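model.pdb (PDB, C-alpha atoms)
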```
ATOM      1  CA  MET J  85      13.962  39.104 116.617
ATOM      2  CA  SER J  86      17.278  40.376 115.307
ATOM      3  CA  VAL J  87      19.000  38.354 112.609
ATOM      4  CA  MET J  88      22.775  38.421 112.219
ATOM      5  CA  LYS J  89      23.982  39.638 108.835
ATOM      6  CA  MET J  90      25.881  36.760 107.319
ATOM      7  CA  THR J  91      28.734  37.049 104.844
ATOM      8  CA  ARG J  92      29.798  35.062 101.794
ATOM      9  CA  THR J  93      32.000  32.940 104.056
ATOM     10  CA  HIS J  94      28.986  32.064 106.201
ATOM     11  CA  PHE J  95      26.934  31.209 103.114
ATOM     12  CA  GLN J  96      29.679  28.972 101.746
ATOM     13  CA  SER J  97      29.991  27.181 105.072
ATOM     14  CA  LEU J  98      26.240  26.642 105.216
ATOM     15  CA  ALA J  99      26.213  25.422 101.608
ATOM     16  CA  ASP J 100      28.981  22.958 102.496
ATOM     17  CA  LEU J 101      26.960  21.763 105.491
ATOM     18  CA  CYS J 102      23.813  21.448 103.390
ATOM     19  CA  ALA J 103      25.687  19.433 100.757
ATOM     20  CA  GLU J 104      27.225  17.224 103.436
ATOM     21  CA  ILE J 105      23.814  16.459 104.944
ATOM     22  CA  ILE J 106      22.455  15.502 101.529
ATOM     23  CA  ALA J 107      25.536  13.467 100.564
ATOM     24  CA  ASN J 108      25.420  11.536 103.850
ATOM     25  CA  HIS J 109      21.811  10.513 103.271
ATOM     26  CA  PRO J 110      21.496   8.849  99.870
ATOM     27  CA  GLU J 111      18.041   7.633 100.903
ATOM     28  CA  PHE J 112      16.657  11.191 100.663
ATOM     29  CA  THR J 113      14.319  11.719  97.755
ATOM     30  CA  LYS J 114      14.825  14.582  95.328
ATOM     31  CA  GLU J 115      11.900  16.389  96.963
ATOM     32  CA  GLN J 116      13.482  16.017 100.405
ATOM     33  CA  CYS J 117      16.785  17.381  99.104
ATOM     34  CA  ILE J 118      15.017  20.365  97.554
ATOM     35  CA  SER J 119      13.214  21.003 100.832
ATOM     36  CA  ILE J 120      16.488  20.928 102.788
ATOM     37  CA  ILE J 121      18.176  23.323 100.363
ATOM     38  CA  ASP J 122      15.147  25.634 100.386
ATOM     39  CA  SER J 123      15.237  25.740 104.188
ATOM     40  CA  PHE J 124      18.886  26.783 104.171
ATOM     41  CA  ILE J 125      18.183  29.356 101.455
ATOM     42  CA  ASP J 126      15.333  30.836 103.485
ATOM     43  CA  VAL J 127      17.581  31.395 106.498
ATOM     44  CA  CYS J 128      20.350  32.892 104.381
ATOM     45  CA  ASP J 129      18.000  35.112 102.407
ATOM     46  CA  ARG J 130      16.615  36.662 105.594
ATOM     47  CA  SER J 131      20.120  37.454 106.858
ATOM     48  CA  ASN J 132      21.484  39.495 103.952
ATOM     49  CA  LYS J 133      19.721  41.302 101.114
ATOM     50  CA  ASN J 134      22.689  40.551  98.839
ATOM     51  CA  PHE J 135      22.344  36.792  99.270
ATOM     52  CA  ASP J 136      22.202  34.980  95.918
ATOM     53  CA  PRO J 137      20.079  31.812  96.185
ATOM     54  CA  ASN J 138      21.208  30.627  92.747
ATOM     55  CA  ARG J 139      24.864  30.789  93.757
ATOM     56  CA  PHE J 140      24.024  28.848  96.936
ATOM     57  CA  GLN J 141      22.185  26.200  94.917
ATOM     58  CA  ASP J 142      25.079  25.930  92.460
ATOM     59  CA  TRP J 143      27.567  25.542  95.341
ATOM     60  CA  VAL J 144      25.501  22.748  96.902
ATOM     61  CA  ASP J 145      25.018  21.042  93.540
ATOM     62  CA  ASP J 146      28.752  21.204  92.837
ATOM     63  CA  LYS J 147      29.589  19.681  96.216
ATOM     64  CA  THR J 148      26.982  16.910  96.036
ATOM     65  CA  ILE J 149      27.894  15.935  92.478
ATOM     66  CA  LYS J 150      31.543  15.490  93.513
ATOM     67  CA  ASN J 151      30.559  13.173  96.388
TER      68      ASN J 151
END
```
As structure tokens, please, write out the structure in this file.
Amino acid sequence: MSVMKMTRTHFQSLADLCAEIIANHPEFTKEQCISIIDSFIDVCDRSNKNFDPNRFQDWVDDKTIKN
């Protein structure tokens, strides 16, 4: 299976989506939120060797803290 190489713009959009999902579900536990973020990170990591999971995590954290 071929995986599309994603760019920083794609990663930022996915991080925004991830943060939105978490922010819209305050009933999620911390473990559930970590699992959601890890799932997004896994997809992104497979698409581009230059993907930075820490930057993704920071972006999601920044967005969810503001909401």
### Message
Need the shell around Phe135 in chain J: protein/DNA/RNA residues with any atom at most 12 Å away, counting all atoms listed in the file. Skip same-chain ones fewer than 6 positions apart. Format as a list in words?
### Response
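Near Phe135 in chain J, the qualifying residues are Lys89, Met90, Thr91, Arg92, Thr93, His94, Phe95, Gln96, Phe124, Ile125, Asp126, Val127, Cys128, Asp129 and Gln141 of chain J.
CA of Ala103 in chain J lies 5.5 Å from CA of Thr148 in chain J.
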### Message
What would the selection look like, as a ChimeraX atom specification, if the PyMOL selection byres ((chain J and resi 101) around 12) were run on the coordinates I just shared?
### Response
/J:94-100,102-108,120-121,124,140,143-144,147-148
Box for range 91-104 of chain J: with edges along x, y and z, all listed atoms inside and 8 Å added on each side, what are the centre and edge lengths in Å to one decimal, as JSON?
```
{"center_x": 27.9, "center_y": 27.1, "center_z": 103.5, "size_x": 24.2, "size_y": 35.8, "size_z": 21.4}
```
### Query
By how many Å are CA of Asp136 in chain J and CA of Thr113 in chain J apart?
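It comes out at 24.6 Å.
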## Note on the structure
One decimal place gives the CA of Glu115 in chain J-CA of Asn132 in chain J separation as 26.0 Å
Residue completion, range 98-115 of chain J, N, CA and C atoms, as an mmCIF file, in the frame of the given file:
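To be explicit, this is the file written out as out.cif:
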```cif
data_model
loop_
_atom_site.group_PDB
_atom_site.id
_atom_site.type_symbol
_atom_site.label_atom_id
_atom_site.label_comp_id
_atom_site.auth_asym_id
_atom_site.auth_seq_id
_atom_site.Cartn_x
_atom_site.Cartn_y
_atom_site.Cartn_z
ATOM 1 N N LEU J 98 27.573 27.246 105.141
ATOM 2 C CA LEU J 98 26.240 26.642 105.216
ATOM 3 C C LEU J 98 25.946 25.784 103.989
ATOM 4 N N ALA J 99 26.400 26.224 102.823
ATOM 5 C CA ALA J 99 26.213 25.422 101.608
ATOM 6 C C ALA J 99 26.993 24.114 101.716
ATOM 7 N N ASP J 100 28.201 24.183 102.270
ATOM 8 C CA ASP J 100 28.981 22.958 102.496
ATOM 9 C C ASP J 100 28.252 22.016 103.442
ATOM 10 N N LEU J 101 27.704 22.568 104.521
ATOM 11 C CA LEU J 101 26.960 21.763 105.491
ATOM 12 C C LEU J 101 25.724 21.141 104.845
ATOM 13 N N CYS J 102 25.008 21.935 104.085
ATOM 14 C CA CYS J 102 23.813 21.448 103.390
ATOM 15 C C CYS J 102 24.178 20.291 102.457
ATOM 16 N N ALA J 103 25.241 20.478 101.682
ATOM 17 C CA ALA J 103 25.687 19.433 100.757
ATOM 18 C C ALA J 103 26.120 18.175 101.508
ATOM 19 N N GLU J 104 26.780 18.366 102.638
ATOM 20 C CA GLU J 104 27.225 17.224 103.436
ATOM 21 C C GLU J 104 26.033 16.432 103.973
ATOM 22 N N ILE J 105 25.019 17.129 104.446
ATOM 23 C CA ILE J 105 23.814 16.459 104.944
ATOM 24 C C ILE J 105 23.189 15.616 103.829
ATOM 25 N N ILE J 106 23.069 16.210 102.661
ATOM 26 C CA ILE J 106 22.455 15.502 101.529
ATOM 27 C C ILE J 106 23.316 14.322 101.099
ATOM 28 N N ALA J 107 24.625 14.532 101.003
ATOM 29 C CA ALA J 107 25.536 13.467 100.564
ATOM 30 C C ALA J 107 25.564 12.300 101.545
ATOM 31 N N ASN J 108 25.373 12.596 102.829
ATOM 32 C CA ASN J 108 25.420 11.536 103.850
ATOM 33 C C ASN J 108 24.102 10.776 103.986
ATOM 34 N N HIS J 109 23.112 11.180 103.206
ATOM 35 C CA HIS J 109 21.811 10.513 103.271
ATOM 36 C C HIS J 109 21.302 10.200 101.867
ATOM 37 N N PRO J 110 21.903 9.192 101.238
ATOM 38 C CA PRO J 110 21.496 8.849 99.870
ATOM 39 C C PRO J 110 20.043 8.376 99.774
ATOM 40 N N GLU J 111 19.438 8.071 100.920
ATOM 41 C CA GLU J 111 18.041 7.633 100.903
ATOM 42 C C GLU J 111 17.068 8.793 100.718
ATOM 43 N N PHE J 112 17.543 10.042 100.861
ATOM 44 C CA PHE J 112 16.657 11.191 100.663
ATOM 45 C C PHE J 112 16.151 11.230 99.232
ATOM 46 N N THR J 113 14.882 11.544 99.087
ATOM 47 C CA THR J 113 14.319 11.719 97.755
ATOM 48 C C THR J 113 14.723 13.088 97.210
ATOM 49 N N LYS J 114 14.520 13.289 95.935
ATOM 50 C CA LYS J 114 14.825 14.582 95.328
ATOM 51 C C LYS J 114 14.019 15.693 96.010
ATOM 52 N N GLU J 115 12.764 15.403 96.301
ATOM 53 C CA GLU J 115 11.900 16.389 96.963
ATOM 54 C C GLU J 115 12.425 16.748 98.359
#
```
